[in-house]
>>> print(open('query-v6.txt').read())   # compact mmCIF, C-alpha atoms
# COMPACT_ATOMS: atom_id res chain seq x y z
CA VAL A 1185 3.80 -13.17 8.82
CA ILE A 1186 1.49 -15.28 6.64
CA GLY A 1187 2.21 -15.39 2.92
CA ALA A 1188 5.85 -14.53 3.51
CA SER A 1189 7.30 -15.92 0.29
CA GLY A 1190 5.97 -13.00 -1.78
CA TYR A 1191 7.63 -9.63 -2.26
CA ALA A 1192 5.46 -7.85 0.31
CA GLY A 1193 5.94 -10.68 2.80
CA GLY A 1194 9.70 -10.53 2.39
CA GLU A 1195 9.68 -6.77 2.86
CA LEU A 1196 7.60 -7.17 6.02
CA ILE A 1197 10.20 -9.51 7.51
CA ARG A 1198 13.04 -7.20 6.51
CA LEU A 1199 11.45 -4.18 8.18
CA LEU A 1200 10.34 -6.12 11.25
CA SER A 1201 13.87 -7.47 11.78
CA THR A 1202 14.92 -4.03 13.04
CA HIS A 1203 11.64 -3.03 14.69
CA PRO A 1204 12.27 -2.02 18.32
CA HIS A 1205 9.09 -3.61 19.71
CA LEU A 1206 7.69 -6.23 17.31
CA GLN A 1207 9.35 -9.64 16.97
CA VAL A 1208 8.65 -12.14 14.20
CA THR A 1209 8.00 -15.53 15.81
CA GLN A 1210 6.29 -17.49 13.01
CA VAL A 1211 6.70 -17.21 9.25
CA SER A 1212 4.31 -19.02 6.93
CA ALA A 1213 4.31 -19.60 3.19
CA HIS A 1214 1.98 -22.48 2.48
CA SER A 1215 3.14 -23.38 -1.04
CA ASN A 1216 6.77 -23.09 0.10
CA ALA A 1217 6.28 -24.77 3.49
CA GLY A 1218 9.42 -26.59 4.61
CA GLU A 1219 11.77 -24.52 2.45
CA LEU A 1220 14.43 -22.31 3.99
CA ILE A 1221 13.35 -18.67 4.23
CA THR A 1222 16.71 -17.62 2.79
CA SER A 1223 16.17 -19.85 -0.26
CA ILE A 1224 13.42 -17.42 -1.32
CA HIS A 1225 14.73 -14.26 0.37
CA PRO A 1226 18.54 -14.56 0.50
CA HIS A 1227 18.87 -11.11 2.09
CA LEU A 1228 16.90 -12.10 5.21
CA THR A 1229 19.93 -13.41 7.08
CA THR A 1230 18.29 -12.68 10.44
CA HIS A 1231 16.19 -15.79 9.71
CA ASN A 1232 19.09 -17.96 8.54
CA GLY A 1233 18.32 -21.65 9.09
CA GLU A 1234 14.57 -21.07 9.61
CA ARG A 1235 11.97 -22.66 7.37
CA PHE A 1236 8.57 -21.51 6.19
CA LEU A 1237 5.69 -23.04 8.12
CA SER A 1238 2.43 -24.30 6.62
CA PHE A 1239 -0.90 -22.80 7.65
CA ASP A 1240 -1.73 -25.93 9.63
CA SER A 1241 1.48 -25.89 11.65
CA LEU A 1242 1.11 -22.32 12.89
CA LYS A 1243 0.45 -21.92 16.61
CA TYR A 1244 -2.41 -19.49 16.18
CA GLU A 1245 -3.12 -19.17 19.89
CA GLU A 1246 0.37 -17.71 20.47
CA ILE A 1247 0.09 -14.95 17.87
CA GLU A 1248 -0.50 -11.45 19.25
CA ILE A 1249 -0.50 -9.68 15.89
CA ALA A 1250 -0.61 -11.19 12.42
CA PHE A 1251 0.30 -9.78 9.04
CA ILE A 1252 -1.46 -11.54 6.17
CA ALA A 1253 0.17 -11.06 2.76
CA LEU A 1254 -1.79 -13.56 0.69
CA PRO A 1255 -3.23 -13.17 -2.83
CA HIS A 1256 -6.59 -11.43 -3.02
CA GLY A 1257 -9.47 -13.65 -1.93
CA GLN A 1258 -7.45 -15.91 0.37
CA SER A 1259 -7.30 -13.91 3.62
CA ALA A 1260 -10.93 -14.43 4.61
CA GLY A 1261 -10.45 -18.18 4.92
CA VAL A 1262 -7.40 -17.78 7.16
CA VAL A 1263 -8.67 -15.20 9.67
CA GLU A 1264 -11.17 -17.71 11.05
CA LYS A 1265 -8.25 -19.68 12.53
CA PHE A 1266 -7.13 -16.87 14.83
CA ALA A 1267 -8.30 -16.17 18.36
CA LYS A 1268 -10.89 -13.38 18.50
CA ASN A 1269 -8.51 -11.01 20.31
CA THR A 1270 -5.67 -11.42 17.80
CA LYS A 1271 -4.83 -8.17 16.06
CA ILE A 1272 -4.58 -8.53 12.27
CA VAL A 1273 -3.35 -6.36 9.41
CA ASP A 1274 -4.42 -7.79 6.06
CA LEU A 1275 -2.38 -6.66 3.06
CA GLY A 1276 -4.81 -8.23 0.60
CA ALA A 1277 -8.01 -6.73 -0.79
CA ASP A 1278 -10.47 -9.01 1.03
CA PHE A 1279 -11.66 -6.48 3.64
CA ARG A 1280 -11.04 -3.11 1.93
CA LEU A 1281 -14.36 -2.48 0.19
CA THR A 1282 -17.59 -1.67 2.00
CA ASP A 1283 -19.73 -2.20 -1.10
CA ALA A 1284 -20.35 -5.87 -1.92
CA ALA A 1285 -21.45 -4.97 -5.45
CA GLN A 1286 -18.14 -3.24 -6.13
CA TRP A 1287 -16.28 -6.27 -4.79
CA SER A 1288 -18.20 -8.57 -7.13
CA ARG A 1289 -17.45 -6.29 -10.07
CA TYR A 1290 -13.68 -6.12 -9.57
CA TYR A 1291 -12.82 -9.36 -7.71
CA ASP A 1292 -13.75 -13.04 -7.68
CA GLY A 1293 -15.51 -14.82 -4.84
CA ILE A 1294 -17.83 -13.76 -2.02
CA HIS A 1295 -17.48 -10.36 -0.34
CA ALA A 1296 -16.02 -11.03 3.13
CA GLY A 1297 -17.03 -7.72 4.67
CA ALA A 1298 -15.06 -4.59 5.53
CA TRP A 1299 -12.47 -3.80 8.19
CA THR A 1300 -11.12 -0.40 9.19
CA TYR A 1301 -9.33 1.10 6.19
CA GLY A 1302 -5.68 1.61 7.05
CA LEU A 1303 -4.62 4.87 5.42
CA PRO A 1304 -3.77 7.00 8.50
CA GLU A 1305 -3.10 10.27 6.66
CA ILE A 1306 -6.69 10.60 5.43
CA PRO A 1307 -8.54 12.83 7.95
CA GLY A 1308 -10.38 10.81 10.61
CA ASN A 1309 -8.72 7.50 9.76
CA ARG A 1310 -5.96 7.55 12.36
CA THR A 1311 -8.37 7.50 15.30
CA LYS A 1312 -10.45 4.72 13.73
CA ILE A 1313 -7.33 2.62 13.14
CA SER A 1314 -6.08 3.15 16.68
CA GLU A 1315 -9.41 1.91 18.05
CA SER A 1316 -9.47 -1.19 15.83
CA SER A 1317 -8.05 -4.69 16.09
CA LYS A 1318 -8.51 -5.62 12.43
CA VAL A 1319 -7.22 -3.35 9.65
CA ALA A 1320 -7.40 -3.62 5.87
CA ASN A 1321 -4.10 -2.33 4.48
CA PRO A 1322 -4.69 -0.21 1.34
CA GLY A 1323 -3.48 -1.19 -2.10
CA CYS A 1324 -0.30 0.39 -3.43
CA TYR A 1325 -1.89 2.45 -6.22
CA ALA A 1326 -4.76 3.37 -3.91
CA THR A 1327 -2.35 4.71 -1.30
CA VAL A 1328 -0.42 7.09 -3.53
CA ILE A 1329 -3.44 8.21 -5.56
CA ALA A 1330 -5.63 8.87 -2.52
CA LEU A 1331 -2.90 10.89 -0.81
CA ALA A 1332 -2.26 12.85 -4.01
CA THR A 1333 -5.98 13.51 -4.53
CA ALA A 1334 -7.54 14.26 -1.14
CA PRO A 1335 -6.25 17.82 -0.49
CA MET A 1336 -7.31 19.09 -3.96
CA LEU A 1337 -10.94 18.02 -3.67
CA PRO A 1338 -12.32 21.29 -2.17
CA TYR A 1339 -10.95 23.18 -5.18
CA VAL A 1340 -11.64 20.90 -8.15
CA ASP A 1341 -14.48 19.05 -9.84
CA ALA A 1342 -14.41 15.80 -7.86
CA SER A 1343 -16.21 13.99 -10.68
CA ASP A 1344 -13.30 14.61 -13.06
CA ILE A 1345 -10.10 13.25 -11.49
CA VAL A 1346 -7.70 11.77 -14.04
CA VAL A 1347 -4.81 9.55 -12.97
CA VAL A 1348 -1.93 7.99 -14.89
CA ALA A 1349 0.45 5.96 -12.73
CA ALA A 1350 3.45 3.75 -13.48
CA SER A 1351 4.46 0.89 -11.18
CA GLY A 1352 7.44 -1.39 -10.89
CA THR A 1353 7.02 -5.08 -11.62
CA THR A 1354 6.90 -6.22 -7.98
CA GLY A 1355 3.42 -4.72 -7.86
CA ALA A 1356 2.24 -7.67 -9.95
CA GLY A 1357 3.40 -10.24 -7.38
CA ARG A 1358 5.98 -12.98 -7.52
CA ALA A 1359 4.12 -15.56 -9.60
CA ALA A 1360 5.82 -16.31 -12.91
CA LYS A 1361 4.12 -14.51 -15.82
CA VAL A 1362 5.36 -14.17 -19.38
CA ASN A 1363 4.66 -10.43 -19.52
CA LEU A 1364 6.88 -9.87 -16.45
CA ILE A 1365 10.03 -11.71 -17.54
CA GLY A 1366 13.09 -9.57 -18.15
CA SER A 1367 13.01 -9.86 -21.93
CA GLU A 1368 9.47 -8.51 -22.01
CA VAL A 1369 9.89 -5.73 -19.45
CA MET A 1370 13.33 -4.28 -20.14
CA SER A 1371 13.41 -1.16 -22.35
CA SER A 1372 9.62 -1.13 -22.63
CA MET A 1373 6.55 0.40 -21.00
CA THR A 1374 2.95 -0.65 -21.46
CA SER A 1375 -0.49 0.20 -20.12
CA TYR A 1376 -2.55 -2.60 -18.60
CA LYS A 1377 -6.06 -3.04 -17.19
CA PHE A 1378 -6.85 -0.23 -19.59
CA GLY A 1379 -10.20 1.58 -19.71
CA GLY A 1380 -11.30 1.82 -16.08
CA VAL A 1381 -11.11 -1.83 -15.04
CA HIS A 1382 -8.29 -1.73 -12.45
CA GLN A 1383 -9.39 -3.18 -9.11
CA HIS A 1384 -8.08 -0.22 -7.09
CA ILE A 1385 -10.58 2.22 -8.63
CA PRO A 1386 -13.45 1.51 -6.20
CA GLU A 1387 -11.00 1.59 -3.30
CA ILE A 1388 -9.68 5.03 -4.28
CA GLU A 1389 -13.20 6.35 -4.79
CA GLN A 1390 -14.27 4.95 -1.42
CA ALA A 1391 -11.28 6.57 0.31
CA THR A 1392 -11.64 9.99 -1.33
CA GLY A 1393 -15.24 10.40 -2.46
CA ALA A 1394 -13.97 11.39 -5.91
CA LYS A 1395 -14.66 9.81 -9.29
CA ILE A 1396 -11.46 8.46 -10.82
CA SER A 1397 -10.36 7.76 -14.38
CA PHE A 1398 -7.25 5.63 -13.89
CA THR A 1399 -4.71 4.26 -16.37
CA PRO A 1400 -1.98 2.05 -14.85
CA ILE A 1401 1.37 1.52 -16.57
CA LEU A 1402 3.96 -1.21 -16.11
CA ALA A 1403 7.41 0.38 -15.81
CA PRO A 1404 10.76 -1.36 -16.42
CA MET A 1405 11.89 -1.24 -12.77
CA PRO A 1406 11.38 -3.57 -9.81
CA ARG A 1407 9.97 -1.14 -7.23
CA GLY A 1408 8.25 2.21 -6.99
CA ILE A 1409 5.16 4.05 -8.24
CA LEU A 1410 5.03 7.44 -9.94
CA ALA A 1411 1.48 8.82 -10.14
CA THR A 1412 0.24 11.94 -11.91
CA VAL A 1413 -3.17 13.13 -10.69
CA THR A 1414 -5.09 16.03 -12.23
CA GLY A 1415 -8.36 17.78 -11.42
CA LYS A 1416 -10.28 20.62 -13.09
CA LEU A 1417 -10.22 23.79 -10.98
CA LYS A 1418 -13.63 25.14 -10.02
CA LYS A 1419 -12.32 28.14 -8.07
CA SER A 1420 -9.06 30.03 -7.76
CA ALA A 1421 -6.98 28.91 -4.78
CA ASP A 1422 -3.46 28.45 -3.49
CA VAL A 1423 -3.64 24.69 -3.79
CA LYS A 1424 0.04 24.12 -2.98
CA THR A 1425 -0.46 25.78 0.39
CA ALA A 1426 -3.46 23.53 0.97
CA TYR A 1427 -1.27 20.46 0.46
CA VAL A 1428 1.41 21.82 2.78
CA GLY A 1429 -1.24 22.43 5.43
CA ALA A 1430 -2.84 19.02 4.97
CA TYR A 1431 0.42 17.16 5.50
CA LYS A 1432 2.46 19.49 7.71
CA SER A 1433 2.10 17.15 10.72
CA GLU A 1434 2.54 13.93 8.75
CA GLU A 1435 5.92 12.25 9.16
CA PHE A 1436 5.66 10.14 6.04
CA VAL A 1437 4.27 12.62 3.48
CA TRP A 1438 6.65 15.22 2.09
CA VAL A 1439 5.36 18.11 -0.01
CA LEU A 1440 8.49 19.16 -1.86
CA PRO A 1441 9.73 22.74 -2.30
CA ASP A 1442 8.99 24.50 -5.59
CA GLY A 1443 11.33 23.41 -8.34
CA GLN A 1444 11.91 19.93 -6.94
CA LEU A 1445 10.10 16.95 -8.41
CA PRO A 1446 9.42 13.54 -6.82
CA LYS A 1447 11.41 10.54 -8.02
CA THR A 1448 10.95 6.93 -7.09
CA SER A 1449 14.58 6.36 -6.08
CA ALA A 1450 14.16 8.87 -3.25
CA VAL A 1451 11.59 6.67 -1.48
CA ILE A 1452 12.64 3.11 -2.35
CA GLY A 1453 13.06 1.04 0.80
CA SER A 1454 11.12 3.54 2.90
CA ASN A 1455 7.61 4.34 4.12
CA TYR A 1456 7.73 7.87 2.72
CA VAL A 1457 5.68 9.69 0.09
CA GLN A 1458 6.89 12.63 -1.98
CA LEU A 1459 4.46 15.10 -3.61
CA GLN A 1460 4.72 18.13 -5.86
CA VAL A 1461 1.81 20.38 -6.79
CA ALA A 1462 1.34 22.75 -9.73
CA ILE A 1463 -1.44 24.57 -11.62
CA ASP A 1464 -1.62 24.04 -15.37
CA GLU A 1465 -2.89 27.50 -16.28
CA HIS A 1466 -3.44 26.50 -19.89
CA THR A 1467 -6.16 24.02 -18.92
CA ASP A 1468 -7.00 25.23 -15.38
CA ARG A 1469 -6.13 21.88 -13.86
CA VAL A 1470 -4.37 21.04 -10.62
CA VAL A 1471 -1.49 18.65 -11.34
CA VAL A 1472 0.05 16.52 -8.59
CA SER A 1473 3.09 14.28 -9.02
CA ALA A 1474 3.55 11.68 -6.28
CA VAL A 1475 5.85 8.74 -5.58
CA ILE A 1476 5.96 5.83 -3.14
CA ASP A 1477 7.70 2.50 -2.85
CA ASN A 1478 4.92 0.04 -3.70
CA LEU A 1479 6.44 -2.46 -1.24
CA GLY A 1480 6.97 0.22 1.43
CA LYS A 1481 4.19 2.76 1.97
CA GLY A 1482 2.23 0.76 -0.61
CA ALA A 1483 2.40 -2.50 1.37
CA ALA A 1484 4.77 -3.60 4.15
CA GLY A 1485 5.73 -0.21 5.57
CA GLN A 1486 2.13 0.92 5.82
CA ALA A 1487 1.16 -2.43 7.35
CA ILE A 1488 3.69 -1.86 10.13
CA GLN A 1489 2.47 1.73 10.54
CA ASN A 1490 -1.03 0.33 11.06
CA ALA A 1491 0.26 -2.37 13.40
CA ASN A 1492 1.96 0.30 15.50
CA LEU A 1493 -1.33 2.18 15.77
CA ILE A 1494 -3.51 -0.79 16.74
CA THR A 1495 -1.01 -2.03 19.34
CA GLY A 1496 -0.54 1.38 20.97
CA LEU A 1497 3.08 1.73 19.86
CA HIS A 1498 4.51 4.94 18.47
CA GLU A 1499 3.22 5.21 14.92
CA TYR A 1500 6.69 5.72 13.45
CA SER A 1501 8.40 2.82 15.25
CA GLY A 1502 10.76 0.98 12.91
CA LEU A 1503 9.83 3.12 9.91
CA THR A 1504 11.89 6.32 9.88
CA GLY A 1505 14.64 5.04 7.61
CA THR A 1506 14.88 7.19 4.50
CA GLY A 1507 14.88 6.02 0.88
CA LEU A 1508 17.97 4.69 -0.86
CA GLY A 1509 18.28 7.67 -3.19
CA ALA A 1510 19.94 5.84 -6.08
>>> encode(input="query-v6.txt", output="structure tokens")
Amino acid sequence: VIGASGYAGGELIRLLSTHPHLQVTQVSAHSNAGELITSIHPHLTTHNGERFLSFDSLKYEEIEIAFIALPHGQSAGVVEKFAKNTKIVDLGADFRLTDAAQWSRYYDGIHAGAWTYGLPEIPGNRTKISESSKVANPGCYATVIALATAPMLPYVDASDIVVVAASGTTGAGRAAKVNLIGSEVMSSMTSYKFGGVHQHIPEIEQATGAKISFTPILAPMPRGILATVTGKLKKSADVKTAYVGAYKSEEFVWVLPDGQLPKTSAVIGSNYVQLQVAIDEHTDRVVVSAVIDNLGKGAAGQAIQNANLITGLHEYSGLTGTGLGA
């Protein structure tokens, strides 16, 4: 696990500590190299007494599968150190986008290319992932919004998809920022990257083929995302049944019964997604409410799901624990 001092890196180690087939052998956090793992992640007692390694001290030739959880733009420089046959799941954005122009618009630095996009529940993706050795793990917002959007697209105007989504503060990373300190976040909500400038927009559009208007919101909670996605109906249809059919064979996506709404506490600590679907008859719009744990299905859980697929393990290995619920 490279970049293990961050929230996603810590969640990776926590989930891998109980994985039946994958064993963590090296843990790197370059800026925290030499520090005890438990000094940053006190809950990771399975690594008590172990210290973070630097990039240079990793034994790259011994690594069978690597998880890279570095800030955007840093993964490309690290992957060159691995043997060609090493399997890699990158949790950063470096290899998600196929369009270099879109990368330049939303990110800094040179476009590094594109790997297989690791969202298994999108039709056709699972086979591509299973046949790959390098996978780009989707972003947290992109995951929940794409899964909430894809089944409605045959029935709505795909050029008019509107999304409002609220995320917990861990989605912004662990670096100290004034707008993320407790006094600023508690008892307050605010929009950010307002007006179509969020970096996950091209990723969502690439994954779904839809055009997205997206407003992200910072919520006063550590973990979780609640997304509301709407699309203008172009023909009458039983859209709820379409969602049930789309995800009936998917372990990690739950379409809830009528009358039950998703809530973030139900999925925290898990790799699960909850969805509810309705038709706003007043405006003829499909409305989908969806939740994930941004560190689970939005990051570490999905990374392990992808790792299971590219190593030939059962896709659900180590991931069937349910959310905390409260």
>>> residues_around(input="query-v6.txt", residues="Val1328 (chain A)", least_positions_apart="4", cutoff="7 Å", atoms="all atoms listed in the file", output="mmCIF file with C-alpha atoms, in the frame of the given file")
data_model
loop_
_atom_site.group_PDB
_atom_site.id
_atom_site.type_symbol
_atom_site.label_atom_id
_atom_site.label_comp_id
_atom_site.auth_asym_id
_atom_site.auth_seq_id
_atom_site.Cartn_x
_atom_site.Cartn_y
_atom_site.Cartn_z
ATOM 1 C CA CYS A 1324 -0.300 0.390 -3.430
ATOM 2 C CA ALA A 1332 -2.260 12.850 -4.010
ATOM 3 C CA ALA A 1474 3.550 11.680 -6.280
ATOM 4 C CA VAL A 1475 5.850 8.740 -5.580
ATOM 5 C CA ILE A 1476 5.960 5.830 -3.140
#
>>> closest_residue(input="query-v6.txt", among="A:Gly1261, A:Gly1485, A:Pro1446, A:Gly1380", to="Leu1200 (chain A)", atoms="only C-alpha atoms")
A:Gly1485
>>> closest_residue(input="query-v6.txt", among="A:Pro1335, A:Pro1404, A:Gly1187, A:Pro1322", to="Lys1424 (chain A)", atoms="all atoms listed in the file")
A:Pro1335
>>> residues_around(input="query-v6.txt", residues="Ile1272 (chain A)", least_positions_apart="4", cutoff="10 Å", atoms="only C-alpha atoms", output="list in words")
Ile1247, Glu1248, Ile1249, Ala1250, Phe1251, Ile1252, Val1263, Phe1266, Ser1316, Ser1317, Lys1318, Val1319, Ala1320, Asn1321, Ala1487, Asn1490, Ala1491 and Ile1494 of chain A
>>> closest_residue(input="query-v6.txt", among="A:Ala1484, A:Val1369, A:Leu1497, A:Met1405", to="Val1273 (chain A)", atoms="all atoms listed in the file")
A:Ala1484
>>> closest_residue(input="query-v6.txt", among="A:Asn1363, A:Asn1269, A:Ser1212, A:Ser1473", to="Lys1243 (chain A)", atoms="all atoms listed in the file")
A:Ser1212
>>> closest_residue(input="query-v6.txt", among="A:Gly1480, A:Ile1488, A:Leu1281, A:Val1457", to="Glu1305 (chain A)", atoms="all atoms listed in the file")
A:Val1457
>>> residues_around(input="query-v6.txt", residues="region 1221-1228 of chain A", least_positions_apart="5", cutoff="12 Å", atoms="only C-alpha atoms", output="ChimeraX atom specification")
/A:1185,1187-1202,1210-1213,1215-1216,1233-1237,1358
>>> closest_residue(input="query-v6.txt", among="A:Ala1267, A:Leu1459, A:Ala1356, A:Ala1285", to="Leu1402 (chain A)", atoms="only C-alpha atoms")
A:Ala1356
>>> decode(input="query-v6.txt", residues="region 1409-1419 of chain A", atoms="all heavy atoms", output="short mmCIF file (atom, residue, chain, number, x, y, z; two decimals), in the first residue's frame")
data_model
loop_
_atom_site.label_atom_id
_atom_site.label_comp_id
_atom_site.auth_asym_id
_atom_site.auth_seq_id
_atom_site.Cartn_x
_atom_site.Cartn_y
_atom_site.Cartn_z
N ILE A 1409 -21.30 9.77 1.29
CA ILE A 1409 -21.81 10.66 0.24
C ILE A 1409 -23.29 10.37 0.04
O ILE A 1409 -23.70 9.21 -0.05
CB ILE A 1409 -21.08 10.44 -1.10
CG1 ILE A 1409 -19.61 10.86 -1.00
CG2 ILE A 1409 -21.76 11.23 -2.22
CD1 ILE A 1409 -18.81 10.59 -2.26
N LEU A 1410 -24.08 11.41 -0.03
CA LEU A 1410 -25.49 11.33 -0.42
C LEU A 1410 -25.64 12.12 -1.70
O LEU A 1410 -25.39 13.33 -1.73
CB LEU A 1410 -26.40 11.91 0.66
CG LEU A 1410 -27.88 12.08 0.28
CD1 LEU A 1410 -28.53 10.74 0.01
CD2 LEU A 1410 -28.64 12.83 1.37
N ALA A 1411 -26.02 11.44 -2.79
CA ALA A 1411 -26.18 12.08 -4.09
C ALA A 1411 -27.63 12.03 -4.53
O ALA A 1411 -28.30 11.00 -4.37
CB ALA A 1411 -25.31 11.39 -5.13
N THR A 1412 -28.12 13.13 -5.08
CA THR A 1412 -29.42 13.19 -5.72
C THR A 1412 -29.21 13.47 -7.19
O THR A 1412 -28.61 14.48 -7.56
CB THR A 1412 -30.31 14.28 -5.10
OG1 THR A 1412 -30.47 14.03 -3.71
CG2 THR A 1412 -31.68 14.30 -5.77
N VAL A 1413 -29.69 12.56 -8.04
CA VAL A 1413 -29.51 12.65 -9.48
C VAL A 1413 -30.88 12.71 -10.14
O VAL A 1413 -31.76 11.90 -9.84
CB VAL A 1413 -28.74 11.42 -10.02
CG1 VAL A 1413 -28.52 11.53 -11.53
CG2 VAL A 1413 -27.39 11.28 -9.31
N THR A 1414 -31.07 13.67 -11.05
CA THR A 1414 -32.35 13.79 -11.75
C THR A 1414 -32.14 13.88 -13.26
O THR A 1414 -31.13 14.41 -13.73
CB THR A 1414 -33.18 15.01 -11.29
OG1 THR A 1414 -32.65 16.20 -11.87
CG2 THR A 1414 -33.17 15.13 -9.78
N GLY A 1415 -33.13 13.34 -14.00
CA GLY A 1415 -33.11 13.42 -15.45
C GLY A 1415 -34.51 13.62 -15.99
O GLY A 1415 -35.48 13.08 -15.45
N LYS A 1416 -34.64 14.39 -17.06
CA LYS A 1416 -35.94 14.70 -17.66
C LYS A 1416 -36.44 13.52 -18.48
O LYS A 1416 -35.79 13.07 -19.43
CB LYS A 1416 -35.80 15.93 -18.56
CG LYS A 1416 -37.11 16.39 -19.20
CD LYS A 1416 -38.02 17.06 -18.18
CE LYS A 1416 -39.22 17.70 -18.87
NZ LYS A 1416 -40.14 18.31 -17.89
N LEU A 1417 -37.62 12.99 -18.11
CA LEU A 1417 -38.20 11.86 -18.84
C LEU A 1417 -38.49 12.23 -20.29
O LEU A 1417 -39.02 13.29 -20.57
CB LEU A 1417 -39.50 11.41 -18.17
CG LEU A 1417 -39.41 10.40 -17.04
CD1 LEU A 1417 -40.77 10.26 -16.37
CD2 LEU A 1417 -38.91 9.05 -17.53
N LYS A 1418 -38.15 11.32 -21.20
CA LYS A 1418 -38.51 11.52 -22.60
C LYS A 1418 -39.55 10.51 -23.05
O LYS A 1418 -40.10 10.63 -24.15
CB LYS A 1418 -37.27 11.45 -23.49
CG LYS A 1418 -36.53 10.13 -23.48
CD LYS A 1418 -35.28 10.20 -24.34
CE LYS A 1418 -34.56 8.85 -24.38
NZ LYS A 1418 -33.31 8.91 -25.16
N LYS A 1419 -39.82 9.49 -22.22
CA LYS A 1419 -40.89 8.54 -22.51
C LYS A 1419 -41.34 7.90 -21.20
O LYS A 1419 -40.58 7.77 -20.26
CB LYS A 1419 -40.43 7.48 -23.50
CG LYS A 1419 -39.26 6.63 -23.03
CD LYS A 1419 -38.88 5.61 -24.10
CE LYS A 1419 -37.69 4.76 -23.67
NZ LYS A 1419 -37.32 3.77 -24.70
#
